[in-house]
$ cat structure.csv   # CSV, C-alpha atoms
chain,number,residue,atom,x,y,z
A,1,MET,CA,2.8,-33.7,0.0
A,2,HIS,CA,5.9,-31.6,0.5
A,3,GLU,CA,7.8,-34.8,1.3
A,4,LEU,CA,8.9,-34.8,-2.3
A,5,GLY,CA,10.5,-31.4,-1.9
A,6,ILE,CA,12.1,-32.4,1.3
A,7,VAL,CA,13.7,-35.5,-0.3
A,8,LYS,CA,15.0,-33.4,-3.1
A,9,HIS,CA,16.5,-31.0,-0.6
A,10,VAL,CA,18.0,-33.8,1.4
A,11,ILE,CA,19.7,-35.2,-1.7
A,12,LYS,CA,21.0,-31.8,-2.6
A,13,THR,CA,22.4,-31.3,0.9
A,14,LEU,CA,24.0,-34.8,0.7
A,15,GLY,CA,25.7,-33.8,-2.6
A,16,ASP,CA,27.3,-30.8,-0.7
A,17,VAL,CA,28.4,-33.0,2.2
A,18,ALA,CA,29.9,-35.5,-0.3
A,19,LYS,CA,31.9,-32.8,-2.0
A,20,GLU,CA,33.2,-31.4,1.3
A,21,ASN,CA,34.2,-34.8,2.6
A,22,GLY,CA,35.4,-36.5,-0.6
A,23,VAL,CA,32.6,-39.1,-0.5
A,24,LYS,CA,32.3,-41.6,-3.4
A,25,ARG,CA,29.2,-43.4,-2.5
A,26,ILE,CA,26.7,-43.2,0.4
A,27,GLY,CA,25.6,-46.5,2.0
A,28,SER,CA,23.1,-45.2,4.5
A,29,VAL,CA,21.4,-42.0,5.6
A,30,THR,CA,20.0,-41.4,9.1
A,31,LEU,CA,17.4,-38.6,9.5
A,32,GLU,CA,16.1,-37.2,12.8
A,33,VAL,CA,12.4,-36.3,12.6
A,34,GLY,CA,10.5,-34.7,15.4
A,35,GLU,CA,7.0,-36.1,16.2
A,36,VAL,CA,5.3,-32.8,15.4
A,37,SER,CA,7.5,-31.7,12.5
A,38,GLY,CA,4.5,-32.5,10.2
A,39,VAL,CA,6.5,-34.9,8.0
A,40,VAL,CA,4.8,-38.1,7.0
A,41,ILE,CA,7.5,-40.7,7.4
A,42,GLU,CA,5.9,-43.4,5.1
A,43,GLN,CA,5.6,-40.8,2.3
A,44,LEU,CA,9.2,-39.6,3.0
A,45,VAL,CA,10.5,-43.2,2.6
A,46,ASP,CA,8.5,-43.7,-0.6
A,47,CYS,CA,9.8,-40.5,-2.1
A,48,TRP,CA,13.3,-41.4,-1.1
A,49,ASN,CA,13.1,-44.8,-2.7
A,50,TYR,CA,11.8,-43.2,-5.9
A,51,PHE,CA,14.4,-40.5,-6.1
A,52,ARG,CA,17.5,-42.3,-5.0
A,53,GLU,CA,17.4,-44.4,-8.2
A,54,LYS,CA,18.1,-41.2,-10.1
A,55,ASN,CA,21.2,-40.3,-8.3
A,56,GLU,CA,24.5,-42.2,-8.4
A,57,LEU,CA,25.7,-40.9,-5.0
A,58,VAL,CA,22.7,-42.2,-3.0
A,59,LYS,CA,21.5,-45.0,-5.3
A,60,ASN,CA,22.3,-47.8,-2.7
A,61,ALA,CA,21.7,-45.7,0.4
A,62,GLU,CA,19.1,-47.1,2.8
A,63,LEU,CA,17.1,-44.5,4.7
A,64,THR,CA,16.7,-44.7,8.5
A,65,VAL,CA,14.4,-42.4,10.3
A,66,GLU,CA,14.7,-41.8,14.0
A,67,THR,CA,11.7,-40.2,15.6
A,68,LEU,CA,12.3,-37.6,18.3
A,69,GLU,CA,9.6,-37.3,21.0
A,70,ALA,CA,7.9,-33.9,21.2
A,71,VAL,CA,8.1,-32.2,24.6
A,72,THR,CA,6.3,-29.1,25.8
A,73,PHE,CA,7.4,-26.9,28.8
A,74,CYS,CA,4.8,-25.2,31.0
A,75,THR,CA,6.0,-21.8,32.2
A,76,ALA,CA,3.4,-21.6,35.0
A,77,CYS,CA,4.3,-24.8,36.9
A,78,GLU,CA,7.6,-25.5,35.2
A,79,LYS,CA,6.9,-29.1,34.3
A,80,THR,CA,7.3,-30.8,31.0
A,81,TYR,CA,4.9,-33.1,29.2
A,82,ARG,CA,4.4,-35.1,26.0
A,83,THR,CA,3.1,-32.7,23.4
A,84,VAL,CA,1.3,-35.4,21.4
A,85,ASP,CA,-0.8,-36.4,24.4
A,86,HIS,CA,-1.9,-32.9,25.7
A,87,GLY,CA,-1.3,-30.2,23.0
A,88,ARG,CA,-0.8,-26.7,24.2
A,89,ILE,CA,-2.6,-26.9,27.6
A,90,CYS,CA,-0.6,-28.1,30.5
A,91,PRO,CA,-2.1,-31.4,31.9
A,92,PHE,CA,-0.8,-30.6,35.4
A,93,CYS,CA,-2.0,-27.0,36.1
A,94,LYS,CA,-4.2,-26.3,32.9
A,95,SER,CA,-2.1,-23.3,32.0
A,96,LYS,CA,-1.9,-22.1,28.4
A,97,GLU,CA,1.5,-20.5,28.9
A,98,THR,CA,3.5,-23.3,27.4
A,99,TYR,CA,6.0,-23.7,24.6
A,100,LEU,CA,7.4,-26.5,22.5
A,101,LEU,CA,10.9,-27.6,23.8
A,102,ARG,CA,11.6,-30.0,21.0
A,103,GLY,CA,9.8,-32.2,18.5
A,104,ASN,CA,9.6,-30.1,15.3
A,105,GLU,CA,13.2,-31.0,14.1
A,106,PHE,CA,14.0,-32.3,10.7
A,107,SER,CA,17.7,-33.0,10.2
A,108,ILE,CA,20.2,-35.3,8.6
A,109,LYS,CA,21.9,-36.9,11.5
A,110,GLN,CA,24.6,-38.9,9.9
A,111,ILE,CA,25.6,-40.9,6.8
A,112,GLU,CA,27.7,-44.0,6.2
A,113,ALA,CA,29.9,-43.3,3.2
A,114,GLU,CA,32.7,-44.7,1.1
A,115,LEU,CA,35.4,-42.2,0.7
A,116,ILE,CA,37.4,-41.5,-2.5
A,117,ASP,CA,40.7,-43.4,-2.4
A,118,GLU,CA,43.6,-41.1,-1.7
B,1,MET,CA,45.7,-50.2,1.6
B,2,ASP,CA,42.1,-51.0,2.5
B,3,ASN,CA,39.9,-48.0,2.0
B,4,LYS,CA,36.8,-50.0,1.0
B,5,GLY,CA,35.0,-49.8,4.4
B,6,PHE,CA,32.3,-47.2,5.0
B,7,ASP,CA,33.0,-44.3,7.2
B,8,LEU,CA,30.5,-42.7,9.5
B,9,ILE,CA,30.1,-39.0,8.9
B,10,GLU,CA,28.1,-36.8,11.2
B,11,VAL,CA,26.1,-34.3,9.2
B,12,ARG,CA,23.7,-32.5,11.6
B,13,ALA,CA,22.2,-30.4,8.9
B,14,GLY,CA,18.7,-29.0,9.6
B,15,ILE,CA,16.4,-29.0,6.6
B,16,GLU,CA,14.4,-26.0,7.5
B,17,ALA,CA,17.6,-24.1,7.6
B,18,GLU,CA,17.4,-23.1,3.9
B,19,ASN,CA,13.8,-21.9,4.2
B,20,GLY,CA,14.7,-20.0,7.3
B,21,ARG,CA,17.5,-18.2,5.5
B,22,TYR,CA,15.2,-17.0,2.8
B,23,ALA,CA,12.5,-16.0,5.3
B,24,LEU,CA,15.1,-13.8,6.9
B,25,LEU,CA,15.9,-12.2,3.5
B,26,VAL,CA,12.2,-11.6,3.0
B,27,ARG,CA,12.0,-9.8,6.5
B,28,GLU,CA,15.1,-7.7,5.7
B,29,LEU,CA,13.6,-6.6,2.4
B,30,LEU,CA,10.3,-5.7,4.0
B,31,GLU,CA,12.1,-3.7,6.7
B,32,ARG,CA,14.2,-1.9,4.1
B,33,GLU,CA,11.4,-1.1,1.8
B,34,GLY,CA,8.9,-0.3,4.5
B,35,ALA,CA,6.3,-2.9,3.4
B,36,PHE,CA,3.9,-5.1,5.4
B,37,LEU,CA,3.4,-8.7,4.2
B,38,ILE,CA,0.3,-10.8,4.9
B,39,ASN,CA,0.3,-14.5,4.3
B,40,LEU,CA,-3.3,-15.4,3.5
B,41,MET,CA,-4.1,-19.1,3.9
B,42,ALA,CA,-7.3,-21.2,3.7
B,43,SER,CA,-8.8,-24.3,2.1
B,44,PRO,CA,-9.9,-24.2,-1.6
B,45,GLY,CA,-13.3,-22.4,-1.7
B,46,ALA,CA,-13.1,-20.8,1.7
B,47,GLY,CA,-13.3,-17.4,0.1
B,48,LYS,CA,-9.7,-16.2,-0.1
B,49,THR,CA,-10.1,-14.2,-3.3
B,50,SER,CA,-13.5,-12.6,-2.2
B,51,VAL,CA,-12.0,-11.7,1.2
B,52,LEU,CA,-8.9,-10.3,-0.5
B,53,CYS,CA,-11.0,-8.1,-2.8
B,54,ARG,CA,-12.9,-6.6,0.2
B,55,VAL,CA,-9.6,-6.0,2.0
B,56,ILE,CA,-8.1,-4.2,-1.0
B,57,ASP,CA,-11.2,-2.0,-1.4
B,58,ALA,CA,-11.0,-1.1,2.3
B,59,LEU,CA,-7.2,-0.4,2.4
B,60,LYS,CA,-6.5,1.1,-1.0
B,61,GLY,CA,-7.5,4.7,0.2
B,62,ARG,CA,-4.9,4.5,2.9
B,63,PHE,CA,-2.1,2.3,1.5
B,64,SER,CA,-0.7,1.2,-1.8
B,65,VAL,CA,-1.6,-2.5,-2.1
B,66,GLY,CA,0.1,-5.3,-4.0
B,67,VAL,CA,-0.9,-9.0,-4.3
B,68,MET,CA,1.1,-12.1,-5.0
B,69,GLU,CA,-1.3,-14.8,-6.3
B,70,ALA,CA,0.0,-18.3,-5.7
B,71,ASP,CA,-1.8,-21.0,-7.7
B,72,MET,CA,-0.6,-24.3,-9.0
B,73,ASP,CA,-1.7,-23.1,-12.4
B,74,ALA,CA,-3.9,-20.5,-14.2
B,75,ASP,CA,-4.5,-16.9,-13.5
B,76,VAL,CA,-8.2,-16.6,-12.7
B,77,ASP,CA,-7.8,-15.1,-9.3
B,78,ALA,CA,-5.1,-12.7,-10.5
B,79,ARG,CA,-7.4,-11.1,-13.0
B,80,THR,CA,-10.2,-10.7,-10.4
B,81,VAL,CA,-7.9,-9.1,-8.0
B,82,ARG,CA,-6.3,-6.8,-10.6
B,83,GLU,CA,-9.8,-5.4,-11.3
B,84,HIS,CA,-9.9,-4.1,-7.7
B,85,GLY,CA,-6.9,-1.9,-8.3
B,86,ALA,CA,-4.0,-3.9,-6.8
B,87,ASP,CA,-0.6,-4.5,-8.4
B,88,VAL,CA,-0.7,-8.3,-9.0
B,89,VAL,CA,2.0,-10.8,-9.7
B,90,GLN,CA,1.0,-14.4,-10.6
B,91,LEU,CA,3.2,-17.1,-9.1
B,92,HIS,CA,2.8,-20.7,-10.3
B,93,THR,CA,3.9,-23.2,-7.7
B,94,GLY,CA,3.6,-26.0,-10.2
B,95,THR,CA,3.3,-29.3,-8.4
B,96,SER,CA,4.1,-27.7,-5.0
B,97,CYS,CA,1.2,-27.4,-2.6
B,98,HIS,CA,2.5,-24.3,-0.7
B,99,MET,CA,4.6,-21.2,-1.0
B,100,ASP,CA,8.0,-21.3,0.6
B,101,ALA,CA,10.2,-18.3,1.6
B,102,LYS,CA,12.4,-18.6,-1.6
B,103,MET,CA,9.3,-18.4,-3.9
B,104,THR,CA,8.0,-15.5,-1.8
B,105,LEU,CA,11.3,-13.6,-2.2
B,106,GLU,CA,11.1,-14.1,-5.9
B,107,GLY,CA,7.5,-12.9,-6.0
B,108,LEU,CA,8.5,-9.8,-4.1
B,109,GLY,CA,11.2,-9.2,-6.7
B,110,ALA,CA,8.6,-9.3,-9.5
B,111,LEU,CA,6.4,-6.6,-7.9
B,112,LYS,CA,6.8,-2.9,-9.0
B,113,ARG,CA,9.3,-0.7,-7.1
B,114,PRO,CA,9.0,0.9,-4.7
B,115,LEU,CA,7.2,-2.0,-3.1
B,116,PRO,CA,3.5,-1.5,-2.2
B,117,GLU,CA,3.0,-0.6,1.5
B,118,VAL,CA,0.8,-3.7,2.0
B,119,ILE,CA,1.4,-6.9,0.2
B,120,VAL,CA,-0.9,-9.9,0.4
B,121,LEU,CA,0.4,-13.3,-0.5
B,122,GLU,CA,-2.7,-15.4,-1.5
B,123,ASN,CA,-1.3,-18.8,-0.7
B,124,VAL,CA,-2.3,-22.1,-2.3
B,125,GLY,CA,-5.7,-23.4,-1.2
B,126,ASN,CA,-4.6,-25.9,1.4
B,127,LEU,CA,-4.9,-26.1,5.2
B,128,VAL,CA,-1.9,-28.3,5.7
B,129,CYS,CA,1.4,-27.5,3.9
B,130,PRO,CA,1.2,-23.6,3.9
B,131,ALA,CA,1.1,-23.7,7.7
B,132,GLU,CA,4.5,-25.4,7.8
B,133,PHE,CA,6.4,-22.9,5.9
B,134,ASP,CA,7.5,-19.5,7.3
B,135,VAL,CA,7.5,-17.2,4.3
B,136,GLY,CA,8.7,-14.2,6.4
B,137,ALA,CA,5.3,-12.5,6.6
B,138,ASP,CA,4.3,-9.9,9.2
B,139,MET,CA,1.0,-11.5,9.7
B,140,ARG,CA,-0.4,-15.0,9.1
B,141,LEU,CA,-4.1,-14.6,8.3
B,142,MET,CA,-6.2,-17.7,7.8
B,143,ILE,CA,-9.8,-18.1,6.8
B,144,LEU,CA,-12.2,-20.8,8.0
B,145,SER,CA,-15.5,-20.8,6.2
B,146,VAL,CA,-18.7,-21.8,7.9
B,147,PRO,CA,-19.5,-24.7,5.5
B,148,GLU,CA,-16.2,-26.3,6.4
B,149,GLY,CA,-17.5,-26.9,10.0
B,150,ASP,CA,-16.5,-25.8,13.5
B,151,ASP,CA,-14.4,-29.0,14.0
B,152,LYS,CA,-11.7,-28.0,11.5
B,153,PRO,CA,-9.3,-26.7,14.2
B,154,LEU,CA,-9.2,-30.3,15.6
B,155,LYS,CA,-8.4,-31.8,12.2
B,156,TYR,CA,-5.8,-29.3,11.0
B,157,PRO,CA,-4.3,-28.1,14.3
B,158,LEU,CA,-1.1,-26.6,12.9
B,159,MET,CA,-2.8,-24.0,10.7
B,160,PHE,CA,-4.8,-22.7,13.6
B,161,THR,CA,-1.7,-22.8,15.9
B,162,VAL,CA,0.5,-20.7,13.6
B,163,SER,CA,-2.0,-18.1,12.5
B,164,ASP,CA,-2.1,-14.6,14.1
B,165,TRP,CA,-5.6,-13.8,13.0
B,166,MET,CA,-8.5,-15.9,11.8
B,167,LEU,CA,-11.5,-14.9,9.8
B,168,ILE,CA,-14.7,-17.0,10.0
B,169,ASN,CA,-16.1,-16.3,6.5
B,170,LYS,CA,-19.6,-17.0,5.1
B,171,ILE,CA,-21.4,-16.3,8.4
B,172,ASP,CA,-24.5,-15.5,6.4
B,173,THR,CA,-24.8,-19.3,5.9
B,174,ALA,CA,-24.4,-20.3,9.6
B,175,ALA,CA,-28.0,-21.4,10.1
B,176,ILE,CA,-27.9,-23.8,7.2
B,177,PHE,CA,-24.6,-25.5,8.3
B,178,ASP,CA,-25.3,-25.7,12.0
B,179,PHE,CA,-22.1,-23.9,12.8
B,180,ASP,CA,-21.4,-23.4,16.5
B,181,PHE,CA,-19.3,-20.2,16.9
B,182,GLU,CA,-18.6,-20.8,20.6
B,183,ARG,CA,-17.5,-24.4,20.0
B,184,CYS,CA,-15.3,-23.2,17.1
B,185,GLU,CA,-13.7,-20.5,19.2
B,186,ARG,CA,-13.1,-23.0,22.1
B,187,ASN,CA,-11.4,-25.4,19.7
B,188,VAL,CA,-9.2,-22.7,18.3
B,189,ARG,CA,-8.2,-21.2,21.6
B,190,THR,CA,-7.1,-24.5,23.0
B,191,LEU,CA,-4.4,-24.5,20.3
B,192,ASN,CA,-3.8,-20.8,20.1
B,193,PRO,CA,-5.0,-18.7,23.1
B,194,ASP,CA,-4.0,-15.3,21.6
B,195,ILE,CA,-5.4,-15.6,18.1
B,196,GLY,CA,-7.6,-12.8,16.8
B,197,ILE,CA,-11.0,-14.0,15.6
B,198,PHE,CA,-13.2,-12.0,13.2
B,199,PRO,CA,-16.6,-13.4,11.9
B,200,VAL,CA,-17.3,-11.9,8.5
B,201,SER,CA,-19.2,-12.5,5.3
B,202,ALA,CA,-17.4,-11.6,2.1
B,203,LYS,CA,-20.8,-11.8,0.3
B,204,THR,CA,-22.8,-9.4,2.4
B,205,GLY,CA,-19.8,-7.4,3.8
B,206,GLU,CA,-20.9,-8.0,7.4
B,207,GLY,CA,-18.0,-7.7,9.9
B,208,PHE,CA,-15.5,-6.2,7.4
B,209,ALA,CA,-15.6,-2.7,8.7
B,210,GLY,CA,-14.3,-3.7,12.2
B,211,PHE,CA,-11.8,-6.2,10.8
B,212,THR,CA,-10.3,-3.9,8.2
B,213,GLU,CA,-10.1,-1.1,10.7
B,214,ARG,CA,-8.1,-3.3,13.1
B,215,LEU,CA,-6.0,-4.5,10.2
B,216,ALA,CA,-5.2,-1.0,9.1
B,217,GLU,CA,-4.2,0.0,12.6
B,218,ARG,CA,-1.8,-3.0,12.8
B,219,ILE,CA,-0.3,-2.2,9.4
B,220,GLU,CA,0.1,1.5,10.3
B,221,GLU,CA,1.9,0.6,13.5
B,222,THR,CA,4.4,-1.6,11.8
B,223,LEU,CA,5.0,0.7,8.9
B,224,ARG,CA,5.6,3.6,11.3
B,225,LYS,CA,8.3,1.7,13.0
B,226,ARG,CA,9.9,0.7,9.7
B,227,ARG,CA,9.9,4.3,8.5
B,228,GLY,CA,11.4,5.5,11.8
B,229,GLU,CA,14.1,2.8,11.7
B,230,THR,CA,15.2,3.5,8.1
B,231,ARG,CA,15.6,7.2,8.8
$ encode --input "structure.csv" --output "structure tokens"
Amino acid sequence: MHELGIVKHVIKTLGDVAKENGVKRIGSVTLEVGEVSGVVIEQLVDCWNYFREKNELVKNAELTVETLEAVTFCTACEKTYRTVDHGRICPFCKSKETYLLRGNEFSIKQIEAELIDE
Amino acid sequence: MDNKGFDLIEVRAGIEAENGRYALLVRELLEREGAFLINLMASPGAGKTSVLCRVIDALKGRFSVGVMEADMDADVDARTVREHGADVVQLHTGTSCHMDAKMTLEGLGALKRPLPEVIVLENVGNLVCPAEFDVGADMRLMILSVPEGDDKPLKYPLMFTVSDWMLINKIDTAAIFDFDFERCERNVRTLNPDIGIFPVSAKTGEGFAGFTERLAERIEETLRKRRGETR
């Protein structure tokens, strides 16, 4: 249940971004979440919908979550495979010498925003 | 002038970035002060506090020992641990189910100076969230207790993946709970081939001599490096 903390942090970050870019209102927020980041997307969206009401900047902002596929690289046979299907052991050569290439990300990709009139 | 339209702004801000920054500050502080931090993680009831008391008893002749007790509320464990002679700070995580690096840094700030040579962070009882937050520790030590079952690595893979060492506690109850040590080890090593595994019983003390000896060696090795680097 740290989705709540993550949402608070996202909103705080958006506040900083808004200040830097002269943003009046945010219309949408797109997050990129890796498959093995450990974040539960349904809970994240629930927390977002609860918290955005309390913040003028993001009150009307819809949340879009893009899932990024997790990929593991095997150093023994130098192939890549889907982490979610096979975990740490390479399905091609059964080696344990593998590491995660991507899939544990959590980032704010972009926002749609209305800028303060010059 | 029509400025009413929405503009697209690329943000590209990683959310772990903030925790990572604090974890780095924790590591710098440990380097500077010559201290070794253990992040102790387990489910509620796995025996974190009993294990901790045995570890303190074994290490206190060789090192000064401090403890950061993270609980959502209350200070039951802090009192128990203090009786074993460690310097203890109680941290209340409130509604949060884990310690993050920022809270850890604040906890280190609350310990007496100079910092104890060995500091144990007793994390919140939970096999999920604590695994996801790097607090800047030198060692992630987890406890699985026999009554929880040998299939736990399959259910909570991240905890078993990120831990450096794992204790299997309450081995005195293995017969009752039908716990298969080989199956457990196989399940864990699929996730984390290099993990150190130590079967122990905090109740009878079985297995602790070997474990605490290895732990003391590991701490000594790191502290020696830190003392060398600072001079």
$ interface_residues --input "structure.csv" --of "chain A" --to "chain B" --cutoff "6 Å" --atoms "only C-alpha atoms" --output "PyMOL selection string"
chain A and resi 88+106-114
$ atom_distance --input "structure.csv" --atom1 "atom CA of B:Asp172" --atom2 "atom CA of B:Thr204"
7.5 Å
$ closest_residue --input "structure.csv" --among "B:Met159, B:Phe211, B:Val81, B:Arg224" --to "B:Asn126" --atoms "all atoms listed in the file"
B:Met159
$ residues_around --input "structure.csv" --residues "B:Leu141" --least-positions-apart "5" --cutoff "8 Å" --atoms "all atoms listed in the file" --output "list of chain:residue names"
B:Ile38, B:Asn39, B:Leu40, B:Met41, B:Ser163, B:Asp164, B:Trp165, B:Met166, B:Leu167
$ atom_distance --input "structure.csv" --atom1 "atom CA of A:Lys8" --atom2 "atom CA of B:Asp71"
21.4 Å
$ atom_distance --input "structure.csv" --atom1 "atom CA of B:Lys102" --atom2 "atom CA of B:Val135"
7.8 Å
$ closest_residue --input "structure.csv" --among "A:Val71, A:Lys94, A:Asn55, A:Val45" --to "A:Leu14" --atoms "all atoms listed in the file"
A:Asn55
$ closest_residue --input "structure.csv" --among "B:Arg62, B:His92, B:Arg82, B:Arg214" --to "B:Phe198" --atoms "only C-alpha atoms"
B:Arg214
$ residues_around --input "structure.csv" --residues "A:Phe92" --least-positions-apart "2" --cutoff "12 Å" --atoms "only C-alpha atoms" --output "NGL selection string"
:A and (73-82 or 86 or 88-90 or 94-96 or 98)
$ write_last_selection --input "structure.csv" --atoms "C-alpha atoms" --output "PDB file, keeping the file's coordinate frame"
ATOM      1  CA  PHE A  73       7.400 -26.900  28.800  1.00  0.00           C
ATOM      2  CA  CYS A  74       4.800 -25.200  31.000  1.00  0.00           C
ATOM      3  CA  THR A  75       6.000 -21.800  32.200  1.00  0.00           C
ATOM      4  CA  ALA A  76       3.400 -21.600  35.000  1.00  0.00           C
ATOM      5  CA  CYS A  77       4.300 -24.800  36.900  1.00  0.00           C
ATOM      6  CA  GLU A  78       7.600 -25.500  35.200  1.00  0.00           C
ATOM      7  CA  LYS A  79       6.900 -29.100  34.300  1.00  0.00           C
ATOM      8  CA  THR A  80       7.300 -30.800  31.000  1.00  0.00           C
ATOM      9  CA  TYR A  81       4.900 -33.100  29.200  1.00  0.00           C
ATOM     10  CA  ARG A  82       4.400 -35.100  26.000  1.00  0.00           C
ATOM     11  CA  HIS A  86      -1.900 -32.900  25.700  1.00  0.00           C
ATOM     12  CA  ARG A  88      -0.800 -26.700  24.200  1.00  0.00           C
ATOM     13  CA  ILE A  89      -2.600 -26.900  27.600  1.00  0.00           C
ATOM     14  CA  CYS A  90      -0.600 -28.100  30.500  1.00  0.00           C
ATOM     15  CA  LYS A  94      -4.200 -26.300  32.900  1.00  0.00           C
ATOM     16  CA  SER A  95      -2.100 -23.300  32.000  1.00  0.00           C
ATOM     17  CA  LYS A  96      -1.900 -22.100  28.400  1.00  0.00           C
ATOM     18  CA  THR A  98       3.500 -23.300  27.400  1.00  0.00           C
TER      19      THR A  98
END
$ axis_aligned_box --input "structure.csv" --around "stretch 192-203 of chain B" --padding-each-side "3 Å" --output "AutoDock Vina command-line options"
--center_x -12.3 --center_y -16.2 --center_z 11.7 --size_x 23.0 --size_y 15.2 --size_z 28.8
$ residues_around --input "structure.csv" --residues "B:Gly61" --least-positions-apart "2" --cutoff "12 Å" --atoms "all atoms listed in the file" --output "list in words"
Val55, Ile56, Asp57, Ala58, Leu59, Phe63, Ser64, Val65, Gly85, Ala86, Glu117, Val118 and Ala216 of chain B
$ residues_around --input "structure.csv" --residues "B:Phe181" --least-positions-apart "6" --cutoff "10 Å" --atoms "all atoms listed in the file" --output "list in words"
Val146, Gly149, Asp150, Ile168, Ile171, Ala174, Asn187 and Pro199 of chain B
$ residues_around --input "structure.csv" --residues "A:Ser28" --least-positions-apart "2" --cutoff "8 Å" --atoms "only C-alpha atoms" --output "list in words"
Ile26, Thr30, Asn60, Ala61, Glu62, Leu63, Thr64, Ile111, Glu112 and Ala113 of chain A
$ write_last_selection --input "structure.csv" --atoms "C-alpha atoms" --output "PDB file, keeping the file's coordinate frame"
ATOM      1  CA  ILE A  26      26.700 -43.200   0.400  1.00  0.00           C
ATOM      2  CA  THR A  30      20.000 -41.400   9.100  1.00  0.00           C
ATOM      3  CA  ASN A  60      22.300 -47.800  -2.700  1.00  0.00           C
ATOM      4  CA  ALA A  61      21.700 -45.700   0.400  1.00  0.00           C
ATOM      5  CA  GLU A  62      19.100 -47.100   2.800  1.00  0.00           C
ATOM      6  CA  LEU A  63      17.100 -44.500   4.700  1.00  0.00           C
ATOM      7  CA  THR A  64      16.700 -44.700   8.500  1.00  0.00           C
ATOM      8  CA  ILE A 111      25.600 -40.900   6.800  1.00  0.00           C
ATOM      9  CA  GLU A 112      27.700 -44.000   6.200  1.00  0.00           C
ATOM     10  CA  ALA A 113      29.900 -43.300   3.200  1.00  0.00           C
TER      11      ALA A 113
END
$ closest_residue --input "structure.csv" --among "B:Leu105, B:Val162, B:Gly66, B:Cys53" --to "B:Thr80" --atoms "all atoms listed in the file"
B:Cys53
$ decode --input "structure.csv" --residues "stretch 4-18 of chain B" --atoms "N, CA and C atoms" --output "PDB file, in the first residue's frame"
ATOM      1  N   LYS B   4      -5.694  29.225 -24.872  1.00  0.00           N
ATOM      2  CA  LYS B   4      -6.540  28.326 -24.076  1.00  0.00           C
ATOM      3  C   LYS B   4      -6.208  26.842 -24.260  1.00  0.00           C
ATOM      4  N   GLY B   5      -5.558  26.499 -25.367  1.00  0.00           N
ATOM      5  CA  GLY B   5      -5.275  25.086 -25.634  1.00  0.00           C
ATOM      6  C   GLY B   5      -4.306  24.489 -24.628  1.00  0.00           C
ATOM      7  N   PHE B   6      -4.306  23.175 -24.561  1.00  0.00           N
ATOM      8  CA  PHE B   6      -3.393  22.499 -23.647  1.00  0.00           C
ATOM      9  C   PHE B   6      -2.068  22.198 -24.356  1.00  0.00           C
ATOM     10  N   ASP B   7      -0.982  22.453 -23.688  1.00  0.00           N
ATOM     11  CA  ASP B   7       0.325  22.123 -24.248  1.00  0.00           C
ATOM     12  C   ASP B   7       0.798  20.796 -23.675  1.00  0.00           C
ATOM     13  N   LEU B   8       1.589  20.106 -24.479  1.00  0.00           N
ATOM     14  CA  LEU B   8       2.149  18.851 -24.015  1.00  0.00           C
ATOM     15  C   LEU B   8       3.533  19.120 -23.434  1.00  0.00           C
ATOM     16  N   ILE B   9       3.727  18.730 -22.199  1.00  0.00           N
ATOM     17  CA  ILE B   9       5.039  18.946 -21.581  1.00  0.00           C
ATOM     18  C   ILE B   9       5.658  17.592 -21.234  1.00  0.00           C
ATOM     19  N   GLU B  10       6.856  17.367 -21.732  1.00  0.00           N
ATOM     20  CA  GLU B  10       7.576  16.130 -21.389  1.00  0.00           C
ATOM     21  C   GLU B  10       8.167  16.302 -20.000  1.00  0.00           C
ATOM     22  N   VAL B  11       7.911  15.369 -19.128  1.00  0.00           N
ATOM     23  CA  VAL B  11       8.416  15.517 -17.761  1.00  0.00           C
ATOM     24  C   VAL B  11       9.614  14.599 -17.516  1.00  0.00           C
ATOM     25  N   ARG B  12       9.427  13.306 -17.759  1.00  0.00           N
ATOM     26  CA  ARG B  12      10.514  12.315 -17.599  1.00  0.00           C
ATOM     27  C   ARG B  12      11.166  12.364 -16.223  1.00  0.00           C
ATOM     28  N   ALA B  13      10.362  12.424 -15.197  1.00  0.00           N
ATOM     29  CA  ALA B  13      10.919  12.444 -13.840  1.00  0.00           C
ATOM     30  C   ALA B  13      10.711  11.089 -13.197  1.00  0.00           C
ATOM     31  N   GLY B  14      11.795  10.441 -12.813  1.00  0.00           N
ATOM     32  CA  GLY B  14      11.711   9.138 -12.132  1.00  0.00           C
ATOM     33  C   GLY B  14      11.256   9.352 -10.707  1.00  0.00           C
ATOM     34  N   ILE B  15      10.392   8.463 -10.233  1.00  0.00           N
ATOM     35  CA  ILE B  15       9.864   8.655  -8.886  1.00  0.00           C
ATOM     36  C   ILE B  15      10.785   8.074  -7.822  1.00  0.00           C
ATOM     37  N   GLU B  16      11.540   7.043  -8.183  1.00  0.00           N
ATOM     38  CA  GLU B  16      12.473   6.534  -7.161  1.00  0.00           C
ATOM     39  C   GLU B  16      13.615   7.504  -6.941  1.00  0.00           C
ATOM     40  N   ALA B  17      13.719   8.473  -7.858  1.00  0.00           N
ATOM     41  CA  ALA B  17      14.859   9.385  -7.801  1.00  0.00           C
ATOM     42  C   ALA B  17      15.044   9.968  -6.408  1.00  0.00           C
ATOM     43  N   GLU B  18      13.938  10.366  -5.767  1.00  0.00           N
ATOM     44  CA  GLU B  18      14.081  11.011  -4.471  1.00  0.00           C
ATOM     45  C   GLU B  18      14.604  10.034  -3.417  1.00  0.00           C
TER      46      GLU B  18
END
